[in-house]
Amino acid sequence: MHRPLAPLAAAGILLSIFVPAAEGWRPRSPSLTASLAITSRNADSRHRRLLASIAAASLRGGGTDDDVQSYLEGEAEEGSTAPIDAPHSNKGKSKEKNGDSDDERYSRQMYALGARAHQLVRSTTAILDGPLGGARDVRIDGADGFAGLDADPRAPSRSETPSGLLYELAKNLALSGVGRIVLVRDDGEAPSDEGYFDGSLDDLGAAYHRAALAEIGEHRGLEKRESDGEEGDSDITDADSLAPLDDGAILLAEYIQRLNPGVMVDIVNRERLLHMLQNGEEGDEDMDDEDSVSVGTNPVVVCVDRSTAAQLEMNNACRSRECSSSKAGVVPFLSVETAGVHAKMFCDFGPNFVVVDEDGETRRATLLDRVEAIETECDASEEDCKQYTVHCLEDERHDVSMGDVIEFQGEHHDGHGVIESFPKCQVVSVKSPTRFVVKTCDGDSTDQSDDFALLLEGKARSFSRVKLPKQVSFSSLREILQPASEKEKALTCCDDDALFAPSDLDKSFDPLRRRAVMTSMAALDSFVKKYERLPSRHYKPVGEHKRTDMERFHSLVQKMATGEDTKQEQWETITTQFAQTCRAKFTPVQALSGALGAQEVLKAATGLYNPVRQFLLYDCDEVLQDTSICEAEPGSVTAGQAYILGDALSNKIAQSRLFLVGAGAIGCELLKNLAAMGAGTGVSSTKQGCLILTDMDTIEKSNLSRQLLFRDHDVGEFKSVAARAAMLRFSKDCNVEAHTSRVGDEEDGLFDDDFWSSGCDVVLNALDNVEARLFVDGQCVAHGLGLIDAGTLGPKGNVQVVVPHESESYGSSADPPEPDIPVCTLKNFPYEISHTIQWARDLFDGYFHRRPRQANDHVEEMAQSEDLTSFSETLLEKLGEDAALDMAEELGEDLGYFPTWADSSTVPSDASDPEYVRAVKRDALDWAILQAHRLFYVAMDELIQKHPADSVDDDGAPFWSGTRRVPKVLRYIPLDSEEDEVSAQQVLINERIAQFVRSAARLRMETFVLVDGDSETTSISVEESLAALDEQSRLLYKKKKSKEILHNLSGGGSEEDTDTLSRVVEKLNGANIGASLLPELNLADFEKDDESNGHVAFVTAASNLRAMAYGIPPADAMETRRVAGRIVPAMITTTGLVSALSCLELVKLLKGLPLNMHRNAFVNLALPFFAFTAPMPAEEMEGVNGNTHTIWDRITITGSAKSPIEALTLSKFLKKLQKKAGCGDEVEVSSVSYGPYMIYANFLHSHDEELLETPVMAVVKDAVISGDEDEDDASSFGDDAAEGEEKASTELTNEQKAMLSKLEQKRFIDLSVSVEDLETGEEFELPPVRLMKERPQQDSSVAQ
């Protein structure tokens, strides 16, 4: 059972709480003594109660490229020590508790960051300084008469609400797996900073505070019941049981630990932290060992919602001395803050920060055609001026630029068989997309003439760009903000484009906007410094000479701005909106800022990705368009949102019915944001707000690193059910419906036409596949609903908003499909590692799934056969010669060699019989060795025999050219072989063959032995595989000699001389014996995330052996798992960003903003790059009589009481349609279709009276249940429909009845109709024609 806070030592978490403690007090638990660092000073009763509670809880608990790679290896080595005084590793109780290594939890993130960068993240100490909330006296009211929202004008208020941005950052960093998070506790000596934050208007902070209290309270209540032996509920809000949680730092610390038990937490006072940063850790001689604290080996400091003075103080401390524990000479520093709809971030990573990889993209290998030498004249200063022209293969385009460094790939060996690398070259000039010039890299004085000679001979097969570390210089905040003179008040830094990273292609390059926002931020800081509170638009001055806060704020802005700027209308608009909203916090902006800030922390810690240099400004002031100023309701859960957007829009968000499809990473972030925004909590006279959530997936361990609503104990539960329970902690009043149904065209049940028509207002997609996205998009278009779709790929993310009746839909444009690998490439001519991995993945399915299933399918038939001849004849008749021979060989291997013994008529299916297991192991090793021989020796040899190295194709060109590479045969040669010499290259081949045999034999054993998760029974050691290989190699050599002698004596006869039937029987020989035992072979489904099952190990071994045969660089298990498992890299930072942007678009949709105010987004946090564009308008399609229509338009035909739609005949339908569409007599309906089924064609049915008098719905039903999509059979519709539904229903299959029932449940059907202009012969598509089965309450469709 998990314990709170005190036993954090047991979970690998160190909590050093620097608060006053009782004189001489020490905890009795040794583990707690190591965890708590407590100074011996006076303590108040609250702190004593806090420490006692923690102690009691403890007692209850019991105690990439070579240059980049080498740089990262050095960093990992340097940062391998613990970031604090306890060892930083998942050892001891932490690992015992988690049960698994970090790899599974962080697997999706590691594919984005890489293993080395992830190790650096795990060694990082993130120091967070921001408003922690809690029961502290926080002055939020000024002494000049401001009454606040609901308070006495001069009385200070106790604010428990922490900064939502601080929690957001901590959440993102904890889920990312930083080694330790240090929370900075205020000293109580910074009143200006206390006034800089107003928790009463921070909705996200309040939601996090509720969630943390509820979750931790639930667990403490459970622990209390367990310790007391109680079965019933207990009061989890008891003051004593929650005593420690009135401290904001304690609450956040334990919440972080709930998010990720592998992250250590520390709490330190600001003064103490500044002392350590300024003087180094060696200045702590007066501290006891158990009281000491460290900033770690890889620290990053973040200020959250802090004033400029606090930021300067912390930044100066980070820069004050060259900290021995920091690689850059300074501690990287960030500051992040939000004010209303505005956000600002600042980064200072020091003057010598090194970026080891700017984009994190996998190096792309470009196929090489040839390299040619160029004759050049050398200058006297140049030792080697030889240049070479590099030609790419036809249809291949390079990605290099002048000055880039490239390296060639291929294999060439020294005299001892050791593979050597080609020299690196520098790009001199780019001639075309397929041709460029290179020279030897500067500074390389080694003689490389032989290597270049090999390049000229065509030994290299490809090349790729080398990523080199880049040094980046940052300025400190003081250096940037320091004015040139004391009299200068304006922010001169605003005019330096190099200091601002663009975050919006429209806004970021507007210098006036930049100056307005930066000046407003500075004015806000000055206002708080002067009045010790944030400005409020509701402040009413007292007395004649008093000014409103807005007047005071604008006065400060005027003093800081230049005269020309203040005259601009845009300046006035921006500064006014800023002043009116800066007091409150807006949840989507906080979530976005938390994602950006956490990503920059990871960049500072790893050197991976390009950092923000140095300011980043963001705003969404378009949501303020036409917002009426109003008073926020006191005590509202969305007081901050209402303060910014107004009560009307805030209430609309609360009362809307939102359909969230998917509860994965994006879904969890959306739910958290929506909870803070009050979604699903409102009730009006006509409807109640609701969040409808569906997801059919269950929670896996790998989900936990980016899905904040799930915990370790949720693994295996339905995502939607667990997400609902977690969301109610954020917003207990939210009306949430959780479902586990799939959303799709083939699904019946809850999500029918009634649901799409009236069950939701806006749909938010959090899906991971295109098919489901297209279905949801189609439903939204059909029912006129708004849609917001989001997706991520590592550091990349996108958001698309679909505005009803205005924008194009998700399906209006499609991404190009992923190219399939041709079969011939997979089978014979691979040239990329992805080809060999896919081949190995298919091999796995064939060996361990298809073949066991095939044996199980035929075992009974073979057991009942008196002889194998009849069975063989059946195979030949059904499959043909080649396929029958292949299957016979497989069945012969899988059943013919099944281990048996004389005294048993059955075969055990488990590992209960050691003799049986040993027999299976012997057979499995022999089988695996045989497969290795077939795949990597025989198959390669046959291909070379068929196409020798000097062969040509039909056109006379060399066969082995372009992407085709001559393979080499691979075989195992014992080290003591007398026949062959064993080179260093052969030793490597032997090792990889042994790996293949070991992994293949293990899985082969599990086909015959049911292990129930215990892999020890089927484990095969390296020594066993090598011994079996040595033995089989010698036997194979003897058999080879014997076969040669027999071949010569027999005159060279071959197997082909035997008739096919005899060959099939021969291959099946013995299979009927194994079949007679009626065994059931075990099937293996490829599971990528289970490290212990050996699946990835087999695919890796097989892929790398094939890659070696074709001269392709191998891939490690991590890369193989990604390709074979089709794993999509994912990061919590990108997920948080797109979710925040989705919520912004939701606000715009509900507010009804025009199309040009919405924003589709594409972001790449690695670069960083942000592209926000207005959605494209819906395409207008040409119709009849010069009319146009879009995908949103419908022609609606409804029935009446006298003439229901079910009785509407086809002829009456055509007449109504022509009238509704305004076609006239000169236009005729040419065809009518329902989906893929054509139900009417004028050239076939214009004179078919029987069909024309048949009800349209009857014709449609007949087409659907018949499943006939051929136009030529359309003429039969009338005859079949006339037979009547009663007769048809008695002859239908169950599947047809289900299809008919589903059609009858639809409220309407949409028909596709084409019309023809009889004069011109032109054909036009009409808008979809909707047949309404019942008259809609409100017809919102567009009629022509």
# chains A, B, ... in the order shown; residues from 1 in each chain; ligands from 1
>>> residues_around(residues="stretch 699-702 of chain A", least_positions_apart="3", cutoff="8 Å", atoms="only C-alpha atoms", output="ChimeraX atom specification")
/A:104-108,705,710,712,714-719
>>> write_last_selection(atoms="C-alpha atoms", output="short mmCIF file (atom, residue, chain, number, x, y, z; two decimals), in the first residue's frame")
data_model
loop_
_atom_site.label_atom_id
_atom_site.label_comp_id
_atom_site.auth_asym_id
_atom_site.auth_seq_id
_atom_site.Cartn_x
_atom_site.Cartn_y
_atom_site.Cartn_z
CA GLU A 104 8.28 0.96 -20.02
CA ARG A 105 6.95 4.09 -18.31
CA TYR A 106 9.02 6.45 -20.47
CA SER A 107 9.21 4.35 -23.63
CA ARG A 108 7.23 6.75 -25.83
CA SER A 705 4.44 9.24 -18.54
CA PHE A 710 -3.87 7.79 -14.35
CA ASP A 712 0.04 2.86 -11.35
CA ASP A 714 -5.10 2.14 -12.72
CA VAL A 715 -3.14 -0.07 -15.15
CA GLY A 716 -5.60 -2.45 -16.80
CA GLU A 717 -8.66 -0.27 -16.16
CA PHE A 718 -10.69 1.38 -18.93
CA LYS A 719 -9.26 4.80 -19.68
#
>>> residues_around(residues="A:Gly689", least_positions_apart="3", cutoff="8 Å", atoms="only C-alpha atoms", output="ChimeraX atom specification")
/A:654-657,679-683,735
>>> write_last_selection(atoms="N, CA, C and O atoms", output="compact mmCIF listing (two decimals), in the first residue's frame")
# COMPACT_ATOMS: atom_id res chain seq x y z
N ALA A 654 -20.07 26.28 -19.37
CA ALA A 654 -20.54 25.36 -18.32
C ALA A 654 -21.76 24.58 -18.76
O ALA A 654 -21.97 23.44 -18.34
N GLN A 655 -22.61 25.19 -19.61
CA GLN A 655 -23.88 24.57 -19.99
C GLN A 655 -23.80 23.77 -21.29
O GLN A 655 -24.77 23.13 -21.68
N SER A 656 -22.67 23.78 -21.96
CA SER A 656 -22.54 23.08 -23.24
C SER A 656 -22.37 21.59 -23.03
O SER A 656 -21.84 21.13 -22.01
N ARG A 657 -22.81 20.84 -24.02
CA ARG A 657 -22.61 19.39 -24.03
C ARG A 657 -21.44 19.10 -24.97
O ARG A 657 -21.54 19.30 -26.18
N ALA A 679 -16.46 23.34 -17.41
CA ALA A 679 -17.29 22.64 -18.39
C ALA A 679 -18.13 21.57 -17.69
O ALA A 679 -17.67 20.90 -16.77
N GLY A 680 -19.36 21.43 -18.14
CA GLY A 680 -20.23 20.39 -17.61
C GLY A 680 -20.82 20.67 -16.25
O GLY A 680 -21.41 19.77 -15.65
N THR A 681 -20.70 21.88 -15.77
CA THR A 681 -21.21 22.19 -14.43
C THR A 681 -22.45 23.06 -14.46
O THR A 681 -23.08 23.25 -13.41
N GLY A 682 -22.81 23.59 -15.60
CA GLY A 682 -23.92 24.54 -15.66
C GLY A 682 -25.25 23.89 -15.95
O GLY A 682 -25.34 22.83 -16.57
N VAL A 683 -26.30 24.55 -15.51
CA VAL A 683 -27.66 24.10 -15.75
C VAL A 683 -28.49 25.30 -16.17
O VAL A 683 -28.46 26.35 -15.51
N ASN A 735 -20.70 17.20 -14.62
CA ASN A 735 -21.55 16.10 -15.07
C ASN A 735 -20.80 15.35 -16.18
O ASN A 735 -20.72 15.82 -17.31
>>> closest_residue(among="A:His538, A:Leu499, A:Leu624, A:Glu1295", to="A:Met1157", atoms="only C-alpha atoms")
A:Leu624
>>> atom_distance(atom1="atom CA of A:Gly744", atom2="atom CA of A:Leu785")
16.7 Å
>>> residues_around(residues="A:Glu771", least_positions_apart="2", cutoff="12 Å", atoms="only C-alpha atoms", output="short mmCIF file (atom, residue, chain, number, x, y, z; two decimals) with N, CA, C and O atoms, in the first residue's frame")
data_model
loop_
_atom_site.label_atom_id
_atom_site.label_comp_id
_atom_site.auth_asym_id
_atom_site.auth_seq_id
_atom_site.Cartn_x
_atom_site.Cartn_y
_atom_site.Cartn_z
N VAL A 743 -16.33 4.47 -31.41
CA VAL A 743 -17.07 5.36 -32.30
C VAL A 743 -16.70 5.00 -33.73
O VAL A 743 -15.55 5.14 -34.14
N GLY A 744 -17.69 4.50 -34.48
CA GLY A 744 -17.41 4.09 -35.85
C GLY A 744 -18.68 3.79 -36.60
O GLY A 744 -19.77 3.64 -36.01
N ASP A 745 -18.56 3.65 -37.91
CA ASP A 745 -19.72 3.48 -38.76
C ASP A 745 -20.41 2.15 -38.49
O ASP A 745 -21.63 2.02 -38.63
N LEU A 767 -7.97 11.33 -30.79
CA LEU A 767 -7.83 10.00 -31.38
C LEU A 767 -6.42 9.77 -31.90
O LEU A 767 -5.64 10.70 -32.09
N ASP A 768 -6.12 8.49 -32.18
CA ASP A 768 -4.79 8.16 -32.66
C ASP A 768 -4.82 7.45 -34.01
O ASP A 768 -3.83 6.83 -34.40
N ASN A 769 -5.95 7.51 -34.73
CA ASN A 769 -5.98 6.89 -36.06
C ASN A 769 -6.86 7.70 -36.99
O ASN A 769 -7.83 8.35 -36.57
N ARG A 773 -10.96 9.39 -37.05
CA ARG A 773 -11.05 10.84 -37.24
C ARG A 773 -11.99 11.18 -38.40
O ARG A 773 -12.81 12.09 -38.32
N LEU A 774 -11.85 10.45 -39.50
CA LEU A 774 -12.69 10.72 -40.67
C LEU A 774 -14.16 10.43 -40.39
O LEU A 774 -15.05 11.16 -40.84
N PHE A 775 -14.42 9.38 -39.61
CA PHE A 775 -15.81 9.08 -39.27
C PHE A 775 -16.41 10.19 -38.43
O PHE A 775 -17.53 10.66 -38.70
N VAL A 776 -15.71 10.60 -37.38
CA VAL A 776 -16.21 11.68 -36.53
C VAL A 776 -16.39 12.95 -37.33
O VAL A 776 -17.39 13.68 -37.18
N ASP A 777 -15.45 13.24 -38.21
CA ASP A 777 -15.55 14.43 -39.05
C ASP A 777 -16.80 14.36 -39.93
O ASP A 777 -17.51 15.36 -40.08
N GLY A 778 -17.07 13.18 -40.50
CA GLY A 778 -18.26 13.04 -41.33
C GLY A 778 -19.54 13.26 -40.55
O GLY A 778 -20.49 13.89 -41.06
N TYR A 810 -12.14 18.23 -41.65
CA TYR A 810 -10.91 17.44 -41.52
C TYR A 810 -10.69 16.59 -42.76
O TYR A 810 -9.56 16.45 -43.25
N GLY A 811 -11.77 16.04 -43.31
CA GLY A 811 -11.66 15.18 -44.48
C GLY A 811 -11.50 15.92 -45.79
O GLY A 811 -11.32 15.28 -46.84
N ALA A 814 -6.30 15.53 -47.15
CA ALA A 814 -5.78 14.29 -46.57
C ALA A 814 -4.27 14.27 -46.69
O ALA A 814 -3.70 14.70 -47.69
#
>>> select_by_dssp(residues="stretch 947-1008 of chain A", states="helix (DSSP H, G or I)", output="ChimeraX atom specification")
/A:984-1008
>>> write_last_selection(atoms="N, CA, C and O atoms", output="short mmCIF file (atom, residue, chain, number, x, y, z; two decimals), in the first residue's frame")
data_model
loop_
_atom_site.label_atom_id
_atom_site.label_comp_id
_atom_site.auth_asym_id
_atom_site.auth_seq_id
_atom_site.Cartn_x
_atom_site.Cartn_y
_atom_site.Cartn_z
N ALA A 984 37.89 -11.46 -37.97
CA ALA A 984 37.16 -10.65 -36.99
C ALA A 984 35.72 -10.43 -37.45
O ALA A 984 34.80 -10.41 -36.63
N GLN A 985 35.52 -10.27 -38.76
CA GLN A 985 34.18 -10.11 -39.29
C GLN A 985 33.36 -11.38 -39.07
O GLN A 985 32.18 -11.32 -38.72
N GLN A 986 33.98 -12.54 -39.22
CA GLN A 986 33.27 -13.80 -39.01
C GLN A 986 32.88 -13.99 -37.55
O GLN A 986 31.84 -14.56 -37.24
N VAL A 987 33.71 -13.49 -36.64
CA VAL A 987 33.37 -13.56 -35.21
C VAL A 987 32.08 -12.80 -34.94
O VAL A 987 31.21 -13.26 -34.20
N LEU A 988 31.94 -11.62 -35.57
CA LEU A 988 30.72 -10.84 -35.41
C LEU A 988 29.53 -11.57 -36.02
O LEU A 988 28.44 -11.58 -35.44
N ILE A 989 29.74 -12.20 -37.17
CA ILE A 989 28.66 -12.98 -37.79
C ILE A 989 28.24 -14.12 -36.86
O ILE A 989 27.04 -14.38 -36.67
N ASN A 990 29.22 -14.80 -36.28
CA ASN A 990 28.91 -15.90 -35.36
C ASN A 990 28.07 -15.41 -34.19
O ASN A 990 27.10 -16.07 -33.76
N GLU A 991 28.44 -14.25 -33.63
CA GLU A 991 27.70 -13.71 -32.49
C GLU A 991 26.26 -13.43 -32.86
O GLU A 991 25.33 -13.74 -32.09
N ARG A 992 26.04 -12.85 -34.02
CA ARG A 992 24.66 -12.49 -34.41
C ARG A 992 23.85 -13.73 -34.78
O ARG A 992 22.64 -13.77 -34.52
N ILE A 993 24.48 -14.72 -35.36
CA ILE A 993 23.75 -15.96 -35.63
C ILE A 993 23.38 -16.63 -34.32
O ILE A 993 22.26 -17.16 -34.16
N ALA A 994 24.29 -16.60 -33.35
CA ALA A 994 23.99 -17.18 -32.04
C ALA A 994 22.82 -16.44 -31.38
O ALA A 994 21.96 -17.07 -30.73
N GLN A 995 22.77 -15.12 -31.51
CA GLN A 995 21.65 -14.36 -30.96
C GLN A 995 20.33 -14.76 -31.62
O GLN A 995 19.30 -14.91 -30.96
N PHE A 996 20.39 -14.95 -32.94
CA PHE A 996 19.18 -15.37 -33.66
C PHE A 996 18.73 -16.75 -33.19
O PHE A 996 17.55 -16.97 -32.90
N VAL A 997 19.66 -17.69 -33.12
CA VAL A 997 19.33 -19.05 -32.71
C VAL A 997 18.76 -19.06 -31.30
O VAL A 997 17.77 -19.74 -31.00
N ARG A 998 19.37 -18.30 -30.42
CA ARG A 998 18.92 -18.26 -29.03
C ARG A 998 17.49 -17.75 -28.92
O ARG A 998 16.65 -18.34 -28.23
N SER A 999 17.21 -16.62 -29.58
CA SER A 999 15.87 -16.03 -29.48
C SER A 999 14.83 -16.86 -30.23
O SER A 999 13.70 -17.03 -29.75
N ALA A 1000 15.19 -17.41 -31.40
CA ALA A 1000 14.24 -18.22 -32.17
C ALA A 1000 13.93 -19.51 -31.46
O ALA A 1000 12.77 -19.97 -31.42
N ALA A 1001 14.95 -20.15 -30.86
CA ALA A 1001 14.72 -21.41 -30.16
C ALA A 1001 13.83 -21.21 -28.94
O ALA A 1001 12.99 -22.05 -28.62
N ARG A 1002 14.01 -20.10 -28.26
CA ARG A 1002 13.18 -19.82 -27.08
C ARG A 1002 11.70 -19.71 -27.47
O ARG A 1002 10.82 -20.30 -26.84
N LEU A 1003 11.42 -18.96 -28.53
CA LEU A 1003 10.03 -18.79 -28.96
C LEU A 1003 9.48 -20.08 -29.54
O LEU A 1003 8.29 -20.37 -29.42
N ARG A 1004 10.35 -20.86 -30.19
CA ARG A 1004 9.91 -22.16 -30.70
C ARG A 1004 9.52 -23.07 -29.54
O ARG A 1004 8.51 -23.79 -29.61
N MET A 1005 10.29 -23.04 -28.47
CA MET A 1005 9.93 -23.83 -27.29
C MET A 1005 8.57 -23.43 -26.75
O MET A 1005 7.75 -24.28 -26.39
N GLU A 1006 8.31 -22.15 -26.70
CA GLU A 1006 7.04 -21.66 -26.15
C GLU A 1006 5.86 -22.00 -27.04
O GLU A 1006 4.71 -21.89 -26.62
N THR A 1007 6.13 -22.39 -28.29
CA THR A 1007 5.06 -22.89 -29.15
C THR A 1007 4.55 -24.23 -28.64
O THR A 1007 3.37 -24.55 -28.75
N PHE A 1008 5.45 -25.02 -28.04
CA PHE A 1008 5.11 -26.36 -27.57
C PHE A 1008 4.94 -26.44 -26.06
O PHE A 1008 4.36 -27.39 -25.55
#
>>> atom_distance(atom1="atom CA of A:Val1329", atom2="atom CA of A:Gln1305")
18.3 Å
>>> residues_around(residues="stretch 110-117 of chain A", least_positions_apart="3", cutoff="9 Å", atoms="only C-alpha atoms", output="MDAnalysis selection string")
chainID A and resid 64 69 72:73 75:76 103 106:107 120:122 360:361 602 605:608 793:795 1118:1119 1122 1127:1131
>>> select_by_dssp(residues="stretch 361-403 of chain A", states="strand (DSSP E or B)", output="PyMOL selection string")
chain A and resi 366-374+387-392
>>> write_last_selection(atoms="C-alpha atoms", output="mmCIF file, in the first residue's frame")
data_model
loop_
_atom_site.group_PDB
_atom_site.id
_atom_site.type_symbol
_atom_site.label_atom_id
_atom_site.label_comp_id
_atom_site.auth_asym_id
_atom_site.auth_seq_id
_atom_site.Cartn_x
_atom_site.Cartn_y
_atom_site.Cartn_z
ATOM 1 C CA THR A 366 20.428 9.346 -48.874
ATOM 2 C CA LEU A 367 21.245 6.662 -51.401
ATOM 3 C CA LEU A 368 24.467 7.302 -53.280
ATOM 4 C CA ASP A 369 25.018 6.810 -56.987
ATOM 5 C CA ARG A 370 28.695 7.680 -57.342
ATOM 6 C CA VAL A 371 31.528 9.954 -56.206
ATOM 7 C CA GLU A 372 33.799 11.666 -58.745
ATOM 8 C CA ALA A 373 37.082 13.493 -58.206
ATOM 9 C CA ILE A 374 37.415 17.122 -59.371
ATOM 10 C CA GLN A 387 37.334 18.049 -54.017
ATOM 11 C CA TYR A 388 34.759 15.462 -54.992
ATOM 12 C CA THR A 389 31.330 15.608 -56.605
ATOM 13 C CA VAL A 390 28.694 13.500 -54.887
ATOM 14 C CA HIS A 391 25.821 12.224 -57.040
ATOM 15 C CA CYS A 392 22.629 10.963 -55.439
#
>>> residues_around(residues="stretch 961-969 of chain A", least_positions_apart="5", cutoff="8 Å", atoms="only C-alpha atoms", output="JSON, numbers by chain")
{"A": [367, 369, 393, 394, 829, 830, 831, 936, 937, 938, 940, 941, 944, 949, 1109, 1110, 1111]}
>>> closest_residue(among="A:Val1163, A:Leu895, A:Val1227, A:Ile833", to="A:Ser1103", atoms="only C-alpha atoms")
A:Ile833
>>> residues_around(residues="A:Leu671", least_positions_apart="4", cutoff="7 Å", atoms="only C-alpha atoms", output="ChimeraX atom specification")
/A:667,675,727
>>> write_last_selection(atoms="N, CA and C atoms", output="PDB file, in the first residue's frame")
ATOM      1  N   GLY A 667      -6.604  13.420 -24.392  1.00  0.00           N
ATOM      2  CA  GLY A 667      -7.890  13.416 -23.700  1.00  0.00           C
ATOM      3  C   GLY A 667      -7.766  13.777 -22.237  1.00  0.00           C
ATOM      4  N   ALA A 675     -12.151  20.843 -16.829  1.00  0.00           N
ATOM      5  CA  ALA A 675     -12.590  20.880 -15.429  1.00  0.00           C
ATOM      6  C   ALA A 675     -12.302  22.238 -14.818  1.00  0.00           C
ATOM      7  N   MET A 727     -11.173  13.054 -12.986  1.00  0.00           N
ATOM      8  CA  MET A 727     -11.626  14.401 -13.310  1.00  0.00           C
ATOM      9  C   MET A 727     -12.545  14.961 -12.233  1.00  0.00           C
TER      10      MET A 727
END
>>> residues_around(residues="stretch 1170-1182 of chain A", least_positions_apart="6", cutoff="7 Å", atoms="only C-alpha atoms", output="list in words")
Ser503, Asp504, Leu505, Glu806, Ser807, Glu808, Leu1155, Asn1156, Met1157, His1158, Arg1159, Asn1160, Ala1161, Phe1162, Val1163, Asn1164, Thr1188, His1189 and Thr1190 of chain A
>>> closest_residue(among="A:Asn1082, A:Gln580, A:Asn798, A:Ser176", to="A:Arg850", atoms="only C-alpha atoms")
A:Asn1082
